[in-house]
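Participant: Please see the structure below; I have some questions.
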Amino acid sequence: MDCKEFEQLIPAFINQELNYKTLMRFNDHIDSCSECREELTIQILVTEGMARLEEGNSFDLQMELDKRLVEARKKVRFHKSFLYVGIVLEILAMLAIAGIVIWILLL
């Protein structure tokens with residue numbers, strides 16, 4: 001993912017609208033690009049910070065950013081785990097079918 005694509009995806013990230021693959025690429029990019037991390041920080045400040053301040057609520061920018069990134073990483077880990085479980089179940093199903101076919105052929 002390049003910086004331009006990252007910046008275009010920031011609003012969707014803030015609104016928690018990114019799909020698994022895009023979110024994974026988004027996380028990878030933010031870990032390696034300090035400029036994009038700064039842009040994300042600015043946009044979170046503008047969107048979330050202003051909304052909270054208008055409501056009269058306090059706002060901790062760093063805590064909000066960290067919270068969003070932790071949630072995004074948890075979502076990616078959960079999805080990866082789900083995919084791995086699916087693959088294992090698929091392999092077990094194929095082995096069971098192969099075993100049944102071999103058993104039938106041997107009878």
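Following the order of the structure tokens, chains are lettered A, B, ..., residues in each are numbered from 1, and ligands are numbered from 1.
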I'd like the neighbourhood of Glu38 (chain A) as a list in words, where a residue qualifies if any of its atoms comes within 12 Å (using only C-alpha atoms), though same-chain residues fewer than 4 positions away should be ignored.
Facilitator: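 Residues near the query, excluding close chain neighbours: Cys3, Phe6, Glu7, Ile10, Ile30, Asp31, Ser32, Cys33, Ser34, Ile42, Gln43, Ile44, Leu45, Leu61, Gln62 and Leu65 of chain A.
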Participant: Residues near Leu23 (chain A), anyone? I mean within 12 Å using only C-alpha atoms, not counting same-chain ones fewer than 5 positions away, as a list in words.
Facilitator: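 Listed by chain and then number, they are Met1, Phe6, Leu9, Ile10, Ala12, Phe13, Ile14, Gln16, Glu17, Leu18, Asp28, His29, Ile30, Arg68, Leu69, Val70, Glu71, Ala72, Arg73, Lys74, Lys75, Val76, Arg77, His79 and Lys80 of chain A.
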Participant: Take the residues just selected and output them with C-alpha atoms as a PDB file, in the first residue's frame.
Facilitator:
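Output file part-v6.pdb is given in full below:
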```pdb
ATOM      1  CA  MET A   1       0.000   0.000   0.000  1.00  0.00           C
ATOM      2  CA  PHE A   6      -3.514   4.937   2.786  1.00  0.00           C
ATOM      3  CA  LEU A   9      -8.659   4.928   3.375  1.00  0.00           C
ATOM      4  CA  ILE A  10      -8.355   6.933   6.592  1.00  0.00           C
ATOM      5  CA  ALA A  12     -13.127   4.367   6.221  1.00  0.00           C
ATOM      6  CA  PHE A  13     -10.717   3.314   8.988  1.00  0.00           C
ATOM      7  CA  ILE A  14     -12.105   5.933  11.352  1.00  0.00           C
ATOM      8  CA  GLN A  16     -14.528   1.072  10.991  1.00  0.00           C
ATOM      9  CA  GLU A  17     -15.559   0.222   7.431  1.00  0.00           C
ATOM     10  CA  LEU A  18     -12.404  -1.488   6.138  1.00  0.00           C
ATOM     11  CA  ASP A  28       1.148  -2.915   7.924  1.00  0.00           C
ATOM     12  CA  HIS A  29       1.551   0.492   6.314  1.00  0.00           C
ATOM     13  CA  ILE A  30       0.984   2.481   9.499  1.00  0.00           C
ATOM     14  CA  ARG A  68      -8.455   2.282  17.285  1.00  0.00           C
ATOM     15  CA  LEU A  69      -5.196   0.621  16.279  1.00  0.00           C
ATOM     16  CA  VAL A  70      -5.542  -2.078  18.944  1.00  0.00           C
ATOM     17  CA  GLU A  71      -9.108  -2.795  17.791  1.00  0.00           C
ATOM     18  CA  ALA A  72      -7.948  -3.004  14.181  1.00  0.00           C
ATOM     19  CA  ARG A  73      -5.154  -5.427  15.056  1.00  0.00           C
ATOM     20  CA  LYS A  74      -7.541  -7.591  17.104  1.00  0.00           C
ATOM     21  CA  LYS A  75      -9.922  -7.715  14.156  1.00  0.00           C
ATOM     22  CA  VAL A  76      -7.118  -8.835  11.835  1.00  0.00           C
ATOM     23  CA  ARG A  77      -5.913 -11.495  14.311  1.00  0.00           C
ATOM     24  CA  HIS A  79     -10.011 -13.032  11.042  1.00  0.00           C
ATOM     25  CA  LYS A  80      -6.675 -14.809  10.516  1.00  0.00           C
TER      26      LYS A  80
END
```
Participant: Report, in Å to a single decimal, how far apart CA of Gly49 (chain A) and CA of Lys67 (chain A) are.
Facilitator: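 Calculated distance between CA of Lys67 (chain A) and CA of Gly49 (chain A) is 13.9 Å.
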Participant: Looking at A:Leu89, A:Lys4, A:Glu64, A:Lys21, which one is nearest to Glu39 (chain A), with distances taken over only C-alpha atoms?
Facilitator: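 Between A:Leu89, A:Lys4, A:Glu64, A:Lys21, the residue approaching Glu39 (chain A) most closely is A:Lys4.
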